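Data from target18.cif: mmCIF, C-alpha atoms and all ligand atoms
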data_work
#
loop_
_atom_site.label_atom_id
_atom_site.label_comp_id
_atom_site.auth_asym_id
_atom_site.auth_seq_id
_atom_site.Cartn_x
_atom_site.Cartn_y
_atom_site.Cartn_z
CA MET H 1 -16.25 5.96 -9.43
CA SER H 2 -14.27 5.92 -12.71
CA ALA H 3 -15.96 4.91 -15.96
CA ALA H 4 -15.69 1.24 -16.93
CA VAL H 5 -13.90 2.03 -20.21
CA PHE H 6 -11.09 4.48 -20.95
CA GLU H 7 -10.08 5.36 -24.49
CA VAL H 8 -6.80 6.96 -25.37
CA GLY H 9 -5.16 7.96 -28.66
CA GLY H 10 -1.43 7.59 -29.25
CA GLY H 11 1.32 9.90 -30.47
CA VAL H 12 0.50 13.12 -28.56
CA ALA H 13 3.40 14.47 -26.49
CA LEU H 14 2.97 14.89 -22.73
CA ARG H 15 4.19 18.18 -21.34
CA GLY H 16 3.82 19.82 -17.94
CA ARG H 17 3.85 19.18 -14.22
CA VAL H 18 1.82 16.60 -12.35
CA ARG H 19 1.32 15.70 -8.69
CA VAL H 20 0.42 12.05 -8.07
CA PRO H 21 -1.64 10.87 -5.05
CA GLY H 22 0.10 10.37 -1.72
CA ASP H 23 2.02 7.12 -1.39
CA LYS H 24 -0.39 4.26 -0.83
CA SER H 25 1.91 2.15 1.36
CA ILE H 26 2.80 5.10 3.59
CA SER H 27 -0.88 6.12 3.79
CA HIS H 28 -2.04 2.70 5.06
CA ARG H 29 0.70 2.64 7.70
CA ALA H 30 0.22 6.26 8.78
CA LEU H 31 -3.47 5.59 9.47
CA LEU H 32 -2.79 2.38 11.40
CA LEU H 33 -0.03 3.88 13.52
CA ALA H 34 -2.13 7.00 14.14
CA ALA H 35 -4.93 4.72 15.38
CA ARG H 36 -2.47 3.03 17.74
CA ALA H 37 -0.79 6.24 18.95
CA GLU H 38 -1.99 7.97 22.11
CA GLY H 39 -3.24 11.40 21.12
CA ARG H 40 -4.14 13.29 17.94
CA SER H 41 -2.24 12.67 14.70
CA ARG H 42 -2.34 15.02 11.71
CA LEU H 43 -1.99 13.39 8.28
CA THR H 44 -1.93 15.47 5.10
CA GLY H 45 -1.90 14.24 1.50
CA LEU H 46 -3.03 10.66 2.16
CA SER H 47 -3.83 8.62 -0.97
CA ASP H 48 -7.40 9.23 -2.15
CA GLY H 49 -7.66 5.77 -3.70
CA ASP H 50 -10.35 3.40 -2.43
CA ASP H 51 -7.74 1.10 -0.80
CA VAL H 52 -6.69 3.80 1.65
CA VAL H 53 -10.23 5.08 2.14
CA ARG H 54 -11.02 1.50 3.30
CA THR H 55 -8.18 1.56 5.83
CA ALA H 56 -9.43 4.92 7.16
CA ALA H 57 -12.90 3.38 7.53
CA ALA H 58 -11.39 0.28 9.17
CA ILE H 59 -9.61 2.22 11.91
CA GLY H 60 -12.89 4.07 12.45
CA ALA H 61 -14.62 0.71 12.90
CA LEU H 62 -11.92 -0.17 15.46
CA GLY H 63 -12.84 2.93 17.45
CA ALA H 64 -10.29 5.54 16.31
CA HIS H 65 -11.82 8.93 15.64
CA VAL H 66 -11.11 10.01 12.07
CA ASP H 67 -11.91 13.58 11.18
CA GLY H 68 -11.48 15.09 7.68
CA ARG H 69 -11.33 13.79 4.14
CA VAL H 70 -8.41 12.44 2.13
CA PRO H 71 -6.32 13.91 0.54
CA GLU H 72 -6.82 17.05 2.66
CA THR H 73 -5.74 17.02 6.28
CA VAL H 74 -7.12 14.15 8.34
CA HIS H 75 -6.93 14.15 12.13
CA VAL H 76 -6.92 10.82 13.92
CA ASP H 77 -7.52 10.38 17.65
CA GLY H 78 -6.21 6.99 18.65
CA GLY H 79 -4.82 4.86 21.46
CA PRO H 80 -6.39 2.64 24.12
CA ARG H 81 -8.93 5.30 25.12
CA TRP H 82 -10.58 4.96 21.71
CA LEU H 83 -9.81 1.50 20.34
CA ARG H 84 -12.37 -1.31 20.73
CA GLU H 85 -13.60 -4.54 19.22
CA PRO H 86 -15.40 -3.83 15.92
CA GLU H 87 -19.15 -4.38 15.92
CA SER H 88 -19.29 -5.84 12.43
CA VAL H 89 -17.19 -7.27 9.62
CA VAL H 90 -14.35 -4.99 8.46
CA ASP H 91 -14.45 -4.74 4.66
CA VAL H 92 -11.12 -3.93 2.96
CA GLY H 93 -12.55 -3.83 -0.58
CA ASN H 94 -9.80 -4.65 -3.12
CA SER H 95 -6.89 -4.10 -0.73
CA ALA H 96 -4.87 -7.15 0.30
CA THR H 97 -2.38 -4.74 1.90
CA ALA H 98 -5.13 -3.44 4.18
CA MET H 99 -6.20 -6.98 5.06
CA ARG H 100 -2.69 -8.20 5.88
CA LEU H 101 -1.70 -5.12 7.87
CA LEU H 102 -5.01 -5.06 9.75
CA ALA H 103 -4.62 -8.75 10.63
CA GLY H 104 -1.38 -7.84 12.44
CA PHE H 105 -2.90 -4.73 13.98
CA VAL H 106 -5.92 -6.47 15.53
CA ALA H 107 -3.92 -9.55 16.61
CA ALA H 108 -2.41 -7.39 19.35
CA PHE H 109 -5.83 -6.90 20.99
CA ASP H 110 -8.10 -9.22 22.91
CA TRP H 111 -10.90 -8.89 20.35
CA LEU H 112 -12.62 -10.86 17.66
CA THR H 113 -12.23 -9.25 14.25
CA VAL H 114 -13.52 -10.51 10.91
CA LEU H 115 -11.68 -9.15 7.87
CA GLN H 116 -13.23 -9.53 4.47
CA GLY H 117 -12.45 -8.21 0.99
CA ASP H 118 -13.76 -8.45 -2.57
CA SER H 119 -13.53 -11.48 -4.87
CA SER H 120 -9.94 -10.55 -5.87
CA VAL H 121 -8.79 -10.31 -2.23
CA ALA H 122 -10.49 -13.67 -1.61
CA ARG H 123 -7.94 -15.22 -4.03
CA ARG H 124 -4.86 -13.57 -2.48
CA PRO H 125 -2.60 -15.79 -0.34
CA MET H 126 -3.06 -15.16 3.38
CA ALA H 127 -1.04 -18.02 4.92
CA ARG H 128 1.99 -15.72 4.83
CA VAL H 129 0.46 -13.55 7.60
CA VAL H 130 -1.70 -16.18 9.29
CA GLU H 131 1.26 -18.45 10.01
CA PRO H 132 3.47 -15.95 11.93
CA LEU H 133 0.47 -14.46 13.77
CA ARG H 134 -0.55 -17.94 14.93
CA ARG H 135 3.03 -18.55 16.05
CA MET H 136 2.79 -15.38 18.15
CA GLY H 137 -0.29 -16.85 19.83
CA ALA H 138 -3.18 -15.22 17.96
CA GLY H 139 -6.14 -17.35 16.98
CA VAL H 140 -6.45 -16.80 13.22
CA ASP H 141 -8.61 -18.74 10.83
CA GLY H 142 -9.86 -18.38 7.31
CA ARG H 143 -11.10 -20.42 4.37
CA GLN H 144 -9.08 -23.47 3.37
CA GLY H 145 -7.25 -23.88 6.66
CA GLY H 146 -6.53 -20.18 7.07
CA THR H 147 -4.84 -19.76 3.70
CA LEU H 148 -7.60 -17.57 2.22
CA SER H 149 -9.85 -14.77 3.48
CA PRO H 150 -12.21 -13.86 5.03
CA LEU H 151 -9.99 -14.02 8.10
CA VAL H 152 -11.23 -14.32 11.65
CA VAL H 153 -8.74 -13.04 14.22
CA ARG H 154 -9.02 -13.67 17.95
CA GLY H 155 -6.14 -11.58 19.29
CA GLY H 156 -4.40 -10.82 22.54
CA GLY H 157 -1.85 -12.53 24.79
CA LEU H 158 0.86 -12.49 22.11
CA ALA H 159 4.44 -13.62 22.59
CA GLY H 160 7.32 -12.11 20.61
CA ILE H 161 8.88 -14.20 17.82
CA ASP H 162 12.08 -14.36 15.85
CA TYR H 163 10.83 -14.57 12.29
CA THR H 164 12.19 -14.69 8.74
CA PRO H 165 9.35 -14.33 6.19
CA PRO H 166 9.49 -17.11 3.56
CA VAL H 167 8.93 -14.55 0.76
CA PRO H 168 10.30 -11.01 0.69
CA SER H 169 7.19 -9.04 1.63
CA ALA H 170 6.76 -5.65 3.26
CA GLN H 171 3.20 -6.63 4.10
CA VAL H 172 4.24 -9.70 6.07
CA LYS H 173 6.97 -7.73 7.83
CA SER H 174 4.45 -5.02 8.71
CA ALA H 175 1.81 -7.44 9.99
CA VAL H 176 4.33 -9.07 12.34
CA LEU H 177 5.64 -5.71 13.57
CA LEU H 178 2.14 -4.31 14.18
CA ALA H 179 1.32 -7.41 16.21
CA GLY H 180 4.69 -7.16 17.95
CA LEU H 181 3.75 -3.74 19.33
CA GLY H 182 1.45 -5.58 21.72
CA ALA H 183 3.51 -8.74 22.34
CA ALA H 184 4.89 -9.59 25.76
CA GLU H 185 8.52 -9.66 24.61
CA GLU H 186 10.76 -8.48 21.80
CA THR H 187 9.84 -9.34 18.20
CA VAL H 188 12.71 -9.93 15.76
CA LEU H 189 12.06 -9.74 12.03
CA ARG H 190 14.83 -10.84 9.67
CA GLU H 191 14.79 -9.80 6.02
CA PRO H 192 17.38 -11.49 3.78
CA VAL H 193 16.32 -9.06 1.01
CA LEU H 194 15.18 -5.51 1.76
CA THR H 195 11.57 -4.54 1.12
CA ARG H 196 9.97 -1.09 1.47
CA MET H 197 10.79 0.25 4.94
CA HIS H 198 7.88 2.53 5.75
CA THR H 199 6.64 0.56 8.76
CA GLU H 200 9.94 0.49 10.63
CA GLU H 201 10.62 4.13 9.69
CA LEU H 202 7.22 5.36 10.87
CA LEU H 203 7.43 3.22 14.03
CA SER H 204 10.64 5.01 14.84
CA VAL H 205 9.04 8.43 14.14
CA CYS H 206 6.27 7.47 16.60
CA GLY H 207 8.85 6.73 19.28
CA ALA H 208 8.57 2.92 19.25
CA LYS H 209 11.44 0.94 20.72
CA VAL H 210 12.69 -0.26 17.36
CA GLU H 211 16.22 -0.99 16.19
CA VAL H 212 17.23 -1.71 12.61
CA THR H 213 20.58 -3.28 11.72
CA ARG H 214 21.77 -3.90 8.16
CA GLU H 215 22.95 -7.46 7.54
CA GLY H 216 24.29 -8.50 4.12
CA HIS H 217 21.70 -7.50 1.48
CA GLY H 218 18.99 -7.37 4.13
CA GLN H 219 18.28 -6.20 7.66
CA VAL H 220 17.21 -7.27 11.14
CA ILE H 221 14.48 -5.33 12.94
CA ARG H 222 14.08 -5.63 16.71
CA LEU H 223 10.90 -4.22 18.20
CA ARG H 224 9.98 -4.14 21.85
CA PRO H 225 6.38 -3.64 23.03
CA SER H 226 5.81 0.09 22.77
CA THR H 227 3.29 2.86 23.19
CA LEU H 228 3.33 5.30 20.28
CA SER H 229 3.25 9.06 20.12
CA PRO H 230 1.06 10.74 17.51
CA LEU H 231 2.27 11.51 14.00
CA ALA H 232 2.39 14.79 12.09
CA LEU H 233 2.99 13.69 8.54
CA GLU H 234 2.79 15.07 5.04
CA VAL H 235 2.61 12.04 2.78
CA PRO H 236 4.90 12.32 -0.29
CA GLY H 237 3.78 11.33 -3.80
CA ASP H 238 3.56 7.66 -4.72
CA PRO H 239 6.56 6.47 -6.80
CA SER H 240 4.50 3.60 -8.23
CA HIS H 241 2.15 6.18 -9.73
CA ALA H 242 4.97 8.48 -10.78
CA ALA H 243 6.36 5.54 -12.79
CA PHE H 244 3.38 5.74 -15.20
CA TRP H 245 4.20 9.36 -16.15
CA VAL H 246 7.96 8.79 -16.17
CA VAL H 247 7.58 5.88 -18.61
CA ALA H 248 4.97 7.75 -20.68
CA ALA H 249 7.29 10.77 -21.06
CA SER H 250 10.22 8.46 -21.92
CA ILE H 251 8.40 6.66 -24.76
CA VAL H 252 6.25 9.37 -26.40
CA PRO H 253 8.33 11.65 -28.69
CA GLY H 254 8.40 15.33 -27.73
CA SER H 255 7.42 14.72 -24.08
CA GLU H 256 8.78 16.40 -20.98
CA VAL H 257 7.04 15.81 -17.65
CA VAL H 258 7.86 16.85 -14.09
CA VAL H 259 6.34 14.62 -11.41
CA GLU H 260 6.36 16.60 -8.19
CA ARG H 261 7.24 15.54 -4.63
CA VAL H 262 7.73 11.82 -5.22
CA TYR H 263 8.98 9.49 -2.48
CA VAL H 264 12.26 8.03 -3.79
CA GLY H 265 13.58 6.60 -0.51
CA PRO H 266 14.88 3.09 0.18
CA GLY H 267 13.07 0.23 -1.47
CA ARG H 268 10.97 2.41 -3.79
CA SER H 269 13.29 4.02 -6.36
CA GLY H 270 14.34 0.83 -8.17
CA PHE H 271 12.30 1.75 -11.26
CA LEU H 272 14.53 4.80 -11.77
CA ASP H 273 17.61 2.53 -11.76
CA VAL H 274 16.01 0.19 -14.31
CA LEU H 275 14.94 3.07 -16.58
CA GLY H 276 18.37 4.68 -16.15
CA ARG H 277 20.00 1.47 -17.45
CA MET H 278 17.57 1.57 -20.37
CA GLY H 279 18.82 5.04 -21.31
CA ALA H 280 15.89 7.13 -20.03
CA ALA H 281 16.58 10.88 -19.73
CA LEU H 282 15.77 11.44 -16.04
CA GLU H 283 16.72 14.17 -13.60
CA LEU H 284 16.01 14.27 -9.87
CA GLN H 285 15.47 17.65 -8.20
CA TRP H 286 15.75 16.76 -4.52
CA GLN H 287 13.24 18.31 -2.10
CA ASP H 288 14.57 16.48 0.98
CA ASP H 289 16.46 13.23 1.76
CA THR H 290 13.76 10.95 0.37
CA THR H 291 11.58 13.19 -1.83
CA ALA H 292 12.31 14.60 -5.28
CA ASP H 293 10.68 16.15 -8.33
CA ILE H 294 11.39 13.72 -11.19
CA VAL H 295 11.96 15.27 -14.62
CA ALA H 296 11.52 12.79 -17.49
CA ARG H 297 12.07 13.54 -21.19
CA HIS H 298 11.59 11.40 -24.28
CA SER H 299 14.67 9.38 -25.11
CA PRO H 300 15.49 6.23 -27.10
CA LEU H 301 15.54 3.19 -24.79
CA VAL H 302 17.49 -0.08 -24.86
CA GLY H 303 16.66 -3.42 -23.24
CA THR H 304 18.02 -4.51 -19.86
CA GLU H 305 17.84 -7.38 -17.39
CA VAL H 306 15.92 -7.05 -14.13
CA THR H 307 17.24 -9.65 -11.70
CA GLY H 308 15.23 -11.55 -9.10
CA ALA H 309 17.07 -9.67 -6.34
CA GLU H 310 15.82 -6.37 -7.81
CA VAL H 311 12.17 -7.45 -7.99
CA PRO H 312 11.09 -6.50 -4.41
CA GLY H 313 12.23 -2.93 -5.17
CA VAL H 314 10.20 -2.66 -8.41
CA VAL H 315 7.42 -5.14 -7.68
CA ASP H 316 4.55 -2.76 -8.48
CA GLU H 317 6.29 -1.02 -11.38
CA ILE H 318 6.89 -4.08 -13.55
CA PRO H 319 3.71 -3.75 -15.67
CA VAL H 320 4.69 -0.25 -16.78
CA LEU H 321 8.39 -1.16 -17.07
CA ALA H 322 7.26 -3.90 -19.47
CA VAL H 323 5.62 -1.16 -21.55
CA ALA H 324 8.95 0.72 -21.60
CA ALA H 325 10.64 -2.55 -22.64
CA ALA H 326 8.20 -2.95 -25.53
CA MET H 327 9.35 0.45 -26.83
CA ALA H 328 13.07 -0.26 -26.29
CA GLU H 329 15.63 -1.60 -28.73
CA GLY H 330 16.44 -5.26 -27.98
CA GLU H 331 15.38 -7.69 -25.28
CA THR H 332 14.40 -7.02 -21.66
CA ARG H 333 14.18 -9.96 -19.30
CA PHE H 334 12.35 -9.62 -15.97
CA ARG H 335 13.46 -12.58 -13.88
CA ASP H 336 11.76 -14.49 -11.05
CA LEU H 337 8.34 -12.86 -11.03
CA ALA H 338 6.57 -15.55 -8.96
CA GLU H 339 5.24 -12.86 -6.58
CA LEU H 340 3.62 -11.01 -9.50
CA ARG H 341 1.41 -14.03 -10.08
CA VAL H 342 -0.39 -13.39 -6.75
CA LYS H 343 -1.10 -9.66 -7.10
CA GLU H 344 -4.48 -8.12 -8.07
CA SER H 345 -4.14 -10.28 -11.19
CA ASP H 346 -1.52 -12.81 -12.31
CA ARG H 347 0.58 -9.98 -13.73
CA VAL H 348 2.96 -12.27 -15.61
CA ALA H 349 -0.01 -13.60 -17.58
CA THR H 350 -2.07 -10.39 -17.83
CA VAL H 351 0.85 -8.17 -18.88
CA ARG H 352 1.83 -10.73 -21.52
CA ALA H 353 -1.73 -11.04 -22.87
CA GLU H 354 -2.54 -7.32 -22.97
CA LEU H 355 0.82 -6.08 -24.28
CA SER H 356 0.65 -8.77 -26.98
CA ALA H 357 -2.80 -7.46 -27.91
CA VAL H 358 -1.29 -4.08 -28.86
CA GLY H 359 1.43 -5.76 -30.94
CA ALA H 360 4.34 -6.12 -28.49
CA ARG H 361 6.49 -9.26 -28.53
CA VAL H 362 6.16 -10.74 -25.04
CA GLU H 363 6.93 -14.27 -23.93
CA THR H 364 7.05 -16.02 -20.60
CA ALA H 365 9.59 -18.60 -19.51
CA GLY H 366 8.59 -20.04 -16.13
CA ASP H 367 8.27 -16.94 -13.95
CA ASP H 368 10.38 -14.77 -16.28
CA LEU H 369 8.81 -12.22 -18.59
CA VAL H 370 10.75 -11.56 -21.79
CA VAL H 371 9.90 -8.49 -23.87
CA THR H 372 11.51 -7.94 -27.25
CA GLY H 373 11.18 -4.28 -28.15
CA GLY H 374 11.11 -2.54 -31.47
CA THR H 375 7.72 -3.69 -32.82
CA ARG H 376 5.22 -0.92 -33.63
CA LEU H 377 2.41 -0.83 -31.08
CA ARG H 378 -1.11 -0.59 -32.55
CA GLY H 379 -4.11 0.59 -30.56
CA ALA H 380 -6.52 -2.21 -29.62
CA ALA H 381 -9.17 -3.18 -27.09
CA VAL H 382 -7.42 -4.42 -23.94
CA ARG H 383 -8.58 -5.54 -20.50
CA SER H 384 -7.56 -4.57 -16.97
CA HIS H 385 -8.42 -7.98 -15.44
CA GLY H 386 -9.66 -5.94 -12.46
CA ASP H 387 -6.08 -4.81 -11.86
CA HIS H 388 -5.46 -1.07 -11.50
CA ARG H 389 -1.79 -1.29 -12.45
CA VAL H 390 -2.49 -3.33 -15.59
CA ALA H 391 -5.17 -0.78 -16.57
CA MET H 392 -2.83 2.21 -16.18
CA ALA H 393 0.15 0.44 -17.79
CA MET H 394 -2.03 -0.31 -20.83
CA ALA H 395 -3.18 3.32 -20.98
CA VAL H 396 0.53 4.28 -21.10
CA ALA H 397 1.09 1.73 -23.89
CA GLY H 398 -1.84 3.36 -25.69
CA LEU H 399 -0.10 6.75 -25.50
CA ALA H 400 2.76 5.31 -27.58
CA ALA H 401 0.62 3.19 -29.94
CA GLU H 402 -0.77 4.10 -33.36
CA GLY H 403 -4.51 4.73 -33.28
CA ARG H 404 -6.78 4.32 -30.31
CA THR H 405 -6.56 1.99 -27.34
CA ARG H 406 -9.62 1.06 -25.34
CA VAL H 407 -8.98 -0.14 -21.77
CA GLU H 408 -11.93 -2.19 -20.49
CA GLY H 409 -12.33 -2.57 -16.73
CA TRP H 410 -10.93 0.92 -16.18
CA ASP H 411 -12.93 1.30 -12.95
CA ALA H 412 -10.15 -0.71 -11.23
CA VAL H 413 -7.97 2.44 -11.18
CA ALA H 414 -10.25 3.94 -8.50
CA THR H 415 -8.51 1.72 -5.95
CA SER H 416 -5.31 3.74 -6.20
CA TYR H 417 -5.37 6.67 -8.66
CA PRO H 418 -8.90 7.98 -9.29
CA ALA H 419 -7.57 11.14 -11.03
CA PHE H 420 -5.30 9.35 -13.54
CA ALA H 421 -7.44 10.27 -16.57
CA ALA H 422 -7.85 13.88 -15.38
CA ASP H 423 -4.08 14.20 -14.84
CA LEU H 424 -3.43 12.81 -18.32
CA GLY H 425 -5.86 15.39 -19.72
CA ARG H 426 -3.80 18.17 -18.10
CA LEU H 427 -0.53 16.83 -19.56
CA ARG H 428 -1.71 16.74 -23.21
C1 LIG R 501 3.02 -3.26 -0.28
C2 LIG R 501 3.96 -4.24 -0.48
C3 LIG R 501 4.07 -5.00 -1.74
C4 LIG R 501 3.37 -4.26 -2.88
C5 LIG R 501 2.00 -3.76 -2.50
C6 LIG R 501 2.10 -2.80 -1.33
C7 LIG R 501 2.95 -2.63 1.06
O1 LIG R 501 3.45 -6.26 -1.58
O2 LIG R 501 3.28 -5.09 -4.01
O3 LIG R 501 1.38 -3.10 -3.58
O4 LIG R 501 2.34 -1.55 1.19
O5 LIG R 501 3.51 -3.20 1.99
P1 LIG R 501 4.22 -7.51 -0.90
O6 LIG R 501 4.48 -7.21 0.52
O7 LIG R 501 3.25 -8.65 -1.06
O8 LIG R 501 5.46 -7.69 -1.71
#
As structure tokens - that is how I would like this structure written.
Ligand code: S3P
Amino acid sequence: MSAAVFEVGGGVALRGRVRVPGDKSISHRALLLAARAEGRSRLTGLSDGDDVVRTAAAIGALGAHVDGRVPETVHVDGGPRWLREPESVVDVGNSATAMRLLAGFVAAFDWLTVLQGDSSVARRPMARVVEPLRRMGAGVDGRQGGTLSPLVVRGGGLAGIDYTPPVPSAQVKSAVLLAGLGAAEETVLREPVLTRMHTEELLSVCGAKVEVTREGHGQVIRLRPSTLSPLALEVPGDPSHAAFWVVAASIVPGSEVVVERVYVGPGRSGFLDVLGRMGAALELQWQDDTTADIVARHSPLVGTEVTGAEVPGVVDEIPVLAVAAAMAEGETRFRDLAELRVKESDRVATVRAELSAVGARVETAGDDLVVTGGTRLRGAAVRSHGDHRVAMAMAVAGLAAEGRTRVEGWDAVATSYPAFAADLGRLR
């Protein structure tokens, strides 16, 4: 468990190489597909954050045999021979991703599953997964008419659907596809705007009958009921975590950081485009088609506009991009951030409040966040609001501020990046 408070002084250059935890989104999916696959999967470099540890425990509770500890190699024995109705409530901790994906996973089986999370997950909207799963024939209920967790899922006997999620969401897409694996017919998922593609990509790696066709700015995924073959996967570094070091190196004079083996495939590299437009000095050293070492050096930044269409591709990076904007010349406008209001905290409000506390000029206009750069940041006491990404973004702001910044509620970072403070120590 991380300490509840983290203090950081500003103005010290960051130099060196860092390896961030394995990608959180890929880790959740790799575990779930390994549980579904017939045979033994081998997963290396899974995220060691509590969110993914919860998913590993959840598939164990559903009968998969999980051997080993993250982030070292984990073997998973899965498939019908192992899977069974859980004996007690499945607790996802702080992870709404785990809850939504698991809701889809268990809907495919003729079991009763109760999914529960912490007080933050209890506030996260669940109708977005409950509604399509009910349409497929699952019995799903929760508080307030099934809009809030805990969720109770009575699965089995599913029909395929043709579904367009009402909000661009990789979690909703993934829940429907995981349920679709066990439906009687084809499931069609239409995305007018692309979101991260790990589920469809990993389904294909596992030999599922899945077809993806690009259409306009989005795609159509067709999945037929499938049995899966086991996975052998080395999980690449998490770009959302890399973004903290890339922004830190960009805004602290004298810095040069290499973030190793980062996933920069479709739907996840948008923050590099935004920072590129802002004038960041970035270099990608490609390791394979979707993985690169990212070299970031200090450079003067200018403001930019992040459009609503871009948001799904940078949804988790906006808190730290707002820190970059506070250090840039001119105005940066982040448009249409309604989805950020329903994350671990209302990030439009919490980013505004905490960045303002260190002296940045931040305003909101509806769901837009407007940051006017160029003010000097001064260290202050700030709060995480129980949100790991707000905590780490404010630590990065502290690295560029005069004096010391004290981040209260730092323990939230354990959900995704328990070694953040240790990695920072190695870079300074
Ligand atoms: C995630 C999708 C995104 C993202 C979250 C992880 C995933 O959420 O914000 O941190 O792993 O599918 P939405 O699907 O709600 O946009």
request  = All residues within 8 Å of ligand LIG 501 (chain R) are required, counting all atoms listed in the file; please report them as a ChimeraX atom specification.
outcome  = /H:24-26,28-29,97,168-174,195-196,312,315-316,339,343
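Counting from atom CA of Gly425 of chain H, the distance to atom CA of Pro300 of chain H is 24.4 Å.
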inquiry  = Considering only C-alpha atoms, can you say which of H:Ala37, H:Thr113, H:Leu194, H:Asp162 comes closest to Glu215 of chain H?
reply    = H:Leu194
message = When you count all atoms listed in the file, which of these residues is closest to Gly182 of chain H: H:Leu133, H:Val20, H:Ala108, H:Val212?
response = H:Ala108
task = Mind checking which residues fall within 6 Å of segment 232-240 of chain H, counting all atoms listed in the file, ignoring those fewer than 5 positions away in the same chain, and posting them as a PyMOL selection string?
result = chain H and resi 20-23+41-46+261-263+317
inquiry  = Nearest residue to Leu427 of chain H out of H:Glu201, H:Glu87, H:Glu256, H:Asp50, using all atoms listed in the file?
reply    = H:Glu256
key: Spatial neighbours of segment 270-283 of chain H, 9 Å, all atoms listed in the file, chain gap at least 4 places, as an NGL selection string   = :H and (239-240 or 243 or 246-247 or 250-251 or 264 or 266 or 293-306 or 310-314 or 317-318 or 321 or 324-325 or 328)
Closest atom pairs, residues of segment 5-41 of chain H within 6 Å of segment 401-415 of chain H, all atoms listed in the file, as a Markdown table:
| residue | atom | partner | partner_atom | distance |
| --- | --- | --- | --- | --- |
| H:Val5 | CA | H:Glu408 | CA | 4.7 |
| H:Phe6 | CA | H:Val407 | CA | 5.1 |
| H:Glu7 | CA | H:Arg406 | CA | 4.4 |
| H:Val8 | CA | H:Thr405 | CA | 5.4 |
| H:Gly9 | CA | H:Arg404 | CA | 4.3 |
| H:Gly10 | CA | H:Ala401 | CA | 4.9 |
Contacts of Thr364 of chain H within 10 Å, all atoms listed in the file, excl. fewer than 5 positions in-chain, as number ranges by chain = H: 333-335, 348-349, 352, 369-371
Selection to disk with C-alpha atoms, as a compact mmCIF listing (two decimals), in the coordinates of the input:
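again_36.txt written:
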# COMPACT_ATOMS: atom_id res chain seq x y z
CA ARG H 333 14.18 -9.96 -19.30
CA PHE H 334 12.35 -9.62 -15.97
CA ARG H 335 13.46 -12.58 -13.88
CA VAL H 348 2.96 -12.27 -15.61
CA ALA H 349 -0.01 -13.60 -17.58
CA ARG H 352 1.83 -10.73 -21.52
CA LEU H 369 8.81 -12.22 -18.59
CA VAL H 370 10.75 -11.56 -21.79
CA VAL H 371 9.90 -8.49 -23.87
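Around Gly60 of chain H, within 12 Å and counting only C-alpha atoms, the residues found are H:Leu31, H:Leu32, H:Ala34, H:Ala35, H:Arg36, H:Val53, H:Arg54, H:Thr55, H:His65, H:Val66, H:Asp67, H:His75, H:Val76, H:Asp77, H:Gly78, H:Trp82, H:Leu83, H:Arg84, H:Glu85, H:Pro86, H:Glu87, H:Ser88, H:Val90, H:Asp91, once anything fewer than 5 positions away on its own chain is removed.
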request  = Around the point (-4.4, -9.5, 18.9) in the file's coordinates, collect all residues with an atom within 9 Å, using all atoms listed in the file, and return them as an MDAnalysis selection string.
outcome  = chainID H and resid 103:112 133 137:139 153:158 179 182:183
inquiry  = Would you compute the distance between atom CA of Leu202 of chain H and atom CA of Asp289 of chain H? Give it in Å to one decimal.
reply    =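 Taking atom CA of Leu202 of chain H as the start and atom CA of Asp289 of chain H as the end point, the length is 15.2 Å.
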Just want the 12 Å neighbourhood of Ser149 of chain H, counted on all atoms listed in the file, with same-chain residues fewer than 5 positions away dropped. Output as an mmCIF file with C-alpha atoms, in the frame of the given file.
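Wrote it out as selection.cif, contents follow:
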data_model
loop_
_atom_site.group_PDB
_atom_site.id
_atom_site.type_symbol
_atom_site.label_atom_id
_atom_site.label_comp_id
_atom_site.auth_asym_id
_atom_site.auth_seq_id
_atom_site.Cartn_x
_atom_site.Cartn_y
_atom_site.Cartn_z
ATOM 1 C CA VAL H 90 -14.350 -4.990 8.460
ATOM 2 C CA ASP H 91 -14.450 -4.740 4.660
ATOM 3 C CA VAL H 92 -11.120 -3.930 2.960
ATOM 4 C CA GLY H 93 -12.550 -3.830 -0.580
ATOM 5 C CA SER H 95 -6.890 -4.100 -0.730
ATOM 6 C CA ALA H 96 -4.870 -7.150 0.300
ATOM 7 C CA MET H 99 -6.200 -6.980 5.060
ATOM 8 C CA ARG H 100 -2.690 -8.200 5.880
ATOM 9 C CA ALA H 103 -4.620 -8.750 10.630
ATOM 10 C CA VAL H 114 -13.520 -10.510 10.910
ATOM 11 C CA LEU H 115 -11.680 -9.150 7.870
ATOM 12 C CA GLN H 116 -13.230 -9.530 4.470
ATOM 13 C CA GLY H 117 -12.450 -8.210 0.990
ATOM 14 C CA ASP H 118 -13.760 -8.450 -2.570
ATOM 15 C CA SER H 119 -13.530 -11.480 -4.870
ATOM 16 C CA SER H 120 -9.940 -10.550 -5.870
ATOM 17 C CA VAL H 121 -8.790 -10.310 -2.230
ATOM 18 C CA ALA H 122 -10.490 -13.670 -1.610
ATOM 19 C CA ARG H 123 -7.940 -15.220 -4.030
ATOM 20 C CA ARG H 124 -4.860 -13.570 -2.480
ATOM 21 C CA PRO H 125 -2.600 -15.790 -0.340
ATOM 22 C CA MET H 126 -3.060 -15.160 3.380
ATOM 23 C CA ALA H 127 -1.040 -18.020 4.920
ATOM 24 C CA ARG H 128 1.990 -15.720 4.830
ATOM 25 C CA VAL H 129 0.460 -13.550 7.600
ATOM 26 C CA VAL H 130 -1.700 -16.180 9.290
ATOM 27 C CA VAL H 140 -6.450 -16.800 13.220
ATOM 28 C CA ASP H 141 -8.610 -18.740 10.830
ATOM 29 C CA GLY H 142 -9.860 -18.380 7.310
ATOM 30 C CA ARG H 143 -11.100 -20.420 4.370
ATOM 31 C CA GLN H 144 -9.080 -23.470 3.370
#
